[in-house]
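As stored in data_4.txt (compact mmCIF, C-alpha atoms and all ligand atoms):
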# COMPACT_ATOMS: atom_id res chain seq x y z
CA MET A 1 30.66 85.17 59.47
CA PRO A 2 30.21 81.44 58.78
CA GLU A 3 27.31 80.50 56.53
CA PRO A 4 24.29 79.21 58.50
CA ALA A 5 23.98 75.42 58.26
CA ASP A 6 21.64 74.14 55.56
CA ARG A 7 18.95 72.39 57.57
CA ARG A 8 16.62 71.57 54.68
CA PRO A 9 15.61 67.91 54.31
CA ILE A 10 17.73 65.58 52.24
CA TYR A 11 15.40 63.49 50.06
CA LEU A 12 16.56 60.15 48.72
CA VAL A 13 14.78 58.93 45.61
CA GLY A 14 15.32 55.88 43.44
CA PHE A 15 13.99 52.54 42.36
CA MET A 16 12.81 49.78 44.71
CA GLY A 17 15.91 48.09 46.13
CA SER A 18 18.25 51.02 45.49
CA GLY A 19 18.97 51.29 49.24
CA LYS A 20 17.13 54.52 50.12
CA SER A 21 16.07 53.43 53.62
CA THR A 22 19.41 51.97 54.70
CA VAL A 23 21.39 54.87 53.25
CA ALA A 24 19.03 57.32 54.99
CA VAL A 25 19.85 55.69 58.34
CA GLU A 26 23.59 55.98 57.61
CA LEU A 27 23.22 59.61 56.56
CA ALA A 28 21.32 60.35 59.75
CA ARG A 29 24.05 58.71 61.80
CA LEU A 30 26.79 60.69 60.07
CA THR A 31 25.06 64.06 60.25
CA GLY A 32 23.07 63.87 63.49
CA ARG A 33 19.86 64.26 61.50
CA ARG A 34 16.73 62.13 61.89
CA ALA A 35 15.88 59.51 59.26
CA VAL A 36 12.27 59.07 58.18
CA ASP A 37 10.77 56.85 55.54
CA THR A 38 7.57 57.80 53.69
CA ASP A 39 6.37 54.15 53.59
CA GLU A 40 6.90 53.78 57.35
CA LEU A 41 5.04 57.03 58.03
CA ILE A 42 2.11 55.82 55.94
CA VAL A 43 2.00 52.46 57.74
CA SER A 44 2.22 54.08 61.18
CA ARG A 45 -0.62 56.51 60.38
CA ASP A 46 -2.88 54.02 58.61
CA GLY A 47 -2.21 50.88 60.62
CA ARG A 48 -2.18 48.66 57.53
CA SER A 49 0.80 47.44 55.50
CA ILE A 50 1.55 49.05 52.11
CA GLU A 51 0.44 45.79 50.50
CA ARG A 52 -2.91 45.95 52.28
CA ILE A 53 -3.48 49.62 51.50
CA ILE A 54 -2.79 49.12 47.79
CA GLY A 55 -4.70 45.82 47.74
CA ASP A 56 -7.76 47.24 49.52
CA GLU A 57 -7.94 50.71 48.02
CA GLY A 58 -5.73 50.79 44.97
CA GLU A 59 -2.55 52.59 43.96
CA PRO A 60 -4.13 56.06 43.46
CA HIS A 61 -5.22 56.13 47.11
CA PHE A 62 -1.74 55.06 48.21
CA ARG A 63 -0.24 57.88 46.09
CA GLU A 64 -2.46 60.40 47.87
CA LEU A 65 -1.27 59.17 51.27
CA GLU A 66 2.32 59.32 50.05
CA SER A 67 1.99 62.92 48.88
CA ALA A 68 0.37 63.89 52.17
CA VAL A 69 3.09 62.38 54.40
CA LEU A 70 5.77 63.97 52.23
CA ARG A 71 4.32 67.40 52.98
CA GLU A 72 3.82 66.61 56.66
CA ALA A 73 7.41 65.44 57.08
CA ALA A 74 8.69 68.61 55.45
CA ALA A 75 7.52 70.66 58.41
CA ALA A 76 10.61 69.54 60.39
CA ASP A 77 14.23 70.52 59.80
CA ASP A 78 17.28 68.26 59.93
CA LEU A 79 15.66 65.27 58.27
CA VAL A 80 16.84 62.63 55.87
CA VAL A 81 13.78 61.33 54.04
CA ALA A 82 13.76 57.97 52.25
CA THR A 83 10.94 58.26 49.70
CA GLY A 84 8.96 55.40 48.17
CA GLY A 85 10.14 54.43 44.69
CA GLY A 86 7.03 55.83 43.02
CA LEU A 87 6.82 59.15 44.81
CA CYS A 88 8.51 60.95 41.93
CA LEU A 89 5.78 59.84 39.54
CA GLN A 90 3.86 63.00 40.29
CA ALA A 91 5.32 66.20 38.91
CA ALA A 92 3.96 68.10 41.92
CA ASN A 93 6.01 65.86 44.24
CA ARG A 94 9.15 66.32 42.16
CA ARG A 95 8.71 70.09 42.31
CA PHE A 96 8.08 69.88 46.04
CA LEU A 97 11.34 67.98 46.65
CA ARG A 98 13.37 70.48 44.70
CA ARG A 99 11.76 73.48 46.33
CA ARG A 100 11.81 72.25 49.89
CA GLY A 101 15.13 70.42 50.14
CA ARG A 102 17.95 68.62 48.40
CA SER A 103 16.91 65.70 46.26
CA VAL A 104 19.34 62.88 45.57
CA TRP A 105 18.79 60.02 43.13
CA LEU A 106 20.39 56.81 44.40
CA ASP A 107 21.17 55.28 41.05
CA LEU A 108 21.61 51.51 41.00
CA PRO A 109 21.36 49.24 37.94
CA LEU A 110 18.15 47.23 37.70
CA GLU A 111 19.96 43.90 38.09
CA ARG A 112 21.37 45.00 41.45
CA CYS A 113 17.94 46.25 42.58
CA ARG A 114 16.47 42.92 41.53
CA ILE A 115 18.94 40.97 43.69
CA ARG A 116 18.15 43.13 46.71
CA VAL A 117 14.39 42.94 46.28
CA GLY A 118 14.41 39.18 45.70
CA GLY A 119 10.89 37.91 45.12
CA GLY A 120 9.39 41.34 45.86
CA ALA A 121 7.88 40.45 49.26
CA GLY A 122 6.16 43.51 50.74
CA ARG A 123 6.45 45.38 47.45
CA PRO A 124 3.13 44.95 45.68
CA LEU A 125 4.17 46.95 42.61
CA TRP A 126 7.36 45.00 41.95
CA PRO A 127 6.82 43.21 38.61
CA ALA A 128 7.98 39.84 39.93
CA GLY A 129 6.88 37.67 37.05
CA ASP A 130 8.17 39.47 33.99
CA PRO A 131 11.76 40.75 33.60
CA MET A 132 10.76 42.88 30.58
CA GLU A 133 8.07 44.58 32.60
CA ALA A 134 10.57 45.35 35.36
CA ARG A 135 12.92 46.86 32.78
CA ALA A 136 10.16 49.02 31.30
CA LEU A 137 9.09 50.26 34.74
CA PHE A 138 12.70 50.97 35.70
CA GLU A 139 13.25 53.03 32.56
CA ARG A 140 10.04 55.00 32.97
CA ARG A 141 10.86 55.76 36.57
CA ALA A 142 14.42 56.84 35.73
CA VAL A 143 12.99 59.80 33.81
CA GLY A 144 11.45 61.15 37.03
CA TYR A 145 14.49 60.34 39.20
CA SER A 146 16.80 62.12 36.77
CA LEU A 147 15.11 65.42 37.61
CA SER A 148 16.62 65.28 41.10
CA GLU A 149 19.24 67.81 42.06
CA LEU A 150 21.97 65.16 42.24
CA ARG A 151 22.57 61.65 40.95
CA VAL A 152 24.79 59.42 43.08
CA ASP A 153 26.10 55.94 42.29
CA ALA A 154 24.34 53.71 44.84
CA ASP A 155 26.53 50.63 44.43
CA GLY A 156 28.43 49.76 47.60
CA GLU A 157 27.94 49.48 51.33
CA PRO A 158 25.36 51.88 52.79
CA ALA A 159 28.02 53.81 54.76
CA GLU A 160 30.10 54.25 51.60
CA VAL A 161 27.10 55.46 49.61
CA ALA A 162 26.12 57.83 52.43
CA ARG A 163 29.59 59.41 52.39
CA ARG A 164 29.36 59.80 48.63
CA VAL A 165 26.04 61.60 49.08
CA LEU A 166 27.48 63.95 51.70
CA ASP A 167 30.48 64.77 49.52
CA ARG A 168 28.21 65.63 46.62
CA LEU A 169 25.92 67.74 48.80
CA SER A 170 28.87 69.40 50.52
CA VAL A 171 27.20 68.66 53.85
CA PRO A 172 29.64 67.99 56.71
CA GLY A 173 29.36 64.69 58.56
CA GLY A 174 31.34 61.76 59.79
CA GLY A 175 34.82 63.22 59.01
C1 LIG B 1 6.77 51.59 45.35
C2 LIG B 1 7.90 51.48 46.13
C3 LIG B 1 7.86 51.08 47.54
C4 LIG B 1 6.52 51.47 48.17
C5 LIG B 1 5.38 50.92 47.36
C6 LIG B 1 5.40 51.41 45.91
C7 LIG B 1 6.92 51.96 43.93
O1 LIG B 1 8.91 51.70 48.28
O2 LIG B 1 6.41 52.87 48.28
O3 LIG B 1 5.41 49.54 47.44
O4 LIG B 1 5.90 52.25 43.28
O5 LIG B 1 8.06 51.99 43.43
P1 LIG B 1 10.47 51.29 48.10
O6 LIG B 1 11.01 52.07 46.95
O7 LIG B 1 11.07 51.72 49.40
O8 LIG B 1 10.52 49.83 47.89
Kindly return the structure encoded in the file as structure tokens.
Amino acid sequence: MPEPADRRPIYLVGFMGSGKSTVAVELARLTGRRAVDTDELIVSRDGRSIERIIGDEGEPHFRELESAVLREAAAADDLVVATGGGLCLQAANRRFLRRRGRSVWLDLPLERCRIRVGGGAGRPLWPAGDPMEARALFERRAVGYSLSELRVDADGEPAEVARRVLDRLSVPGGG
């Protein structure tokens, strides 16, 4: 008897600019799953941009919304979930990812993330002014990301990174 397919969500975690959203779309294409993005879910529920939510009500409120949409999204099978770069800050969220699905750290060096993020438009927590601050944040965040089930090199085209993820997860897709 063949093993039943593993339909648990695939969660992509990693720093701002590591490519979580674009790789999630590629993974969805290759596997026939649906891609969702925790930031997009928050914006569609709330009606304000992430910048506005954090500006108006502060980061702690945003983190509550983020934790809530993570749990809501987990109700469906066959998902690829691109998580916001700070979602792993909370130990309860890290535990949730590991319990509910397969968590994958898209690991990209800070300098590459910096190029992709540019001036940080739309990312209110990107430390645009101070390179040392960005480095410190990156290193603190890496501690949380490293608790993911898998760590995958995120350098390369999204389709290439998506195939790398599937190989590591041993999930079929795309041939
Ligand atoms: C954040 C990352 C952003 C978004 C918010 C906060 C962070 O998502 O959730 O601006 O704290 O790292 P991306 O990682 O998709 O940029």
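Nearest to ligand LIG 1 (chain B) of all the residues A:Arg135, A:Arg151, A:Arg164, A:Arg63 is A:Arg63, based on all atoms listed in the file.
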Counting only C-alpha atoms and all ligand atoms, closest pick from A:Ala74, A:Val25, A:Leu89, A:Ala5 relative to ligand LIG 1 (chain B) is A:Leu89
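For ligand LIG 1 (chain B), the neighbouring protein, DNA and RNA residues, which are those within 7 Å when only C-alpha atoms and all ligand atoms are counted, are A:Gly14, A:Phe15, A:Met16, A:Gly17, A:Lys20, A:Ser21, A:Asp39, A:Ile50, A:Glu51, A:Thr83, A:Gly84, A:Gly85, A:Gly86, A:Gly122, A:Arg123, A:Pro124, A:Leu125.
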| request: Using only C-alpha atoms, pick whichever of A:Cys88, A:Leu41, A:Val36, A:Leu108 has the shortest atom-to-atom distance to Val161 (chain A). | output: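 Closest residue, counting only C-alpha atoms: A:Leu108.
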Asp153 (chain A) proximity check over A:Arg112, A:Arg48, A:Arg102, A:Arg34, using all atoms listed in the file: winner is A:Arg112
Could the centre and edge lengths of an axis-aligned box, enclosing all atoms of region 18-29 of chain A in the file with 4 Å extra on each side, be given in Å to one decimal as JSON?
{"center_x": 20.1, "center_y": 55.7, "center_z": 53.6, "size_x": 16.0, "size_y": 17.3, "size_z": 24.3}
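With distances restricted to only C-alpha atoms, A:Asp78 is the closest residue to Thr31 (chain A) from A:Glu57, A:Asp78, A:Glu72, A:Asp107.
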Counting all atoms listed in the file, the residue among A:Gly32, A:Pro158, A:Pro4, A:Gly144 that lies closest to Arg94 (chain A) is A:Gly144
Q) If you measure from CA of Ser18 (chain A) to CA of Pro109 (chain A), what distance in Å do you get, rounded to one decimal? A)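 Separation of CA of Ser18 (chain A) and CA of Pro109 (chain A): 8.4 Å.
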Legend entry - Atomic distance CA of Gly101 (chain A) - CA of Ala82 (chain A), expressed in Å with one decimal: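 Distance between the two atoms: 12.7 Å.
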Pairwise distance, CA of Leu169 (chain A) with CA of Arg98 (chain A), equals 13.5 Å
With only C-alpha atoms as the counted atoms, please give the residues lying no more than 8 Å from Glu26 (chain A), apart from itself and same-chain residues fewer than 4 positions off, as a PyMOL selection string.
chain A and resi 22+30+158-159+162
Residues from last step as file, C-alpha atoms, as a PDB file, in the coordinates of the input:
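Dumped everything to again_5.pdb:
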ATOM      1  CA  THR A  22      19.410  51.970  54.700  1.00  0.00           C
ATOM      2  CA  LEU A  30      26.790  60.690  60.070  1.00  0.00           C
ATOM      3  CA  PRO A 158      25.360  51.880  52.790  1.00  0.00           C
ATOM      4  CA  ALA A 159      28.020  53.810  54.760  1.00  0.00           C
ATOM      5  CA  ALA A 162      26.120  57.830  52.430  1.00  0.00           C
TER       6      ALA A 162
END
Q. Can you list, as a list in words, every protein, DNA or RNA residue that comes within 6 Å of Val80 (chain A) when you count all atoms listed in the file, leaving out same-chain residues fewer than 6 positions away?
A.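 My reading of the contact set: Pro9, Ile10, Ala24 and Ala35 of chain A.
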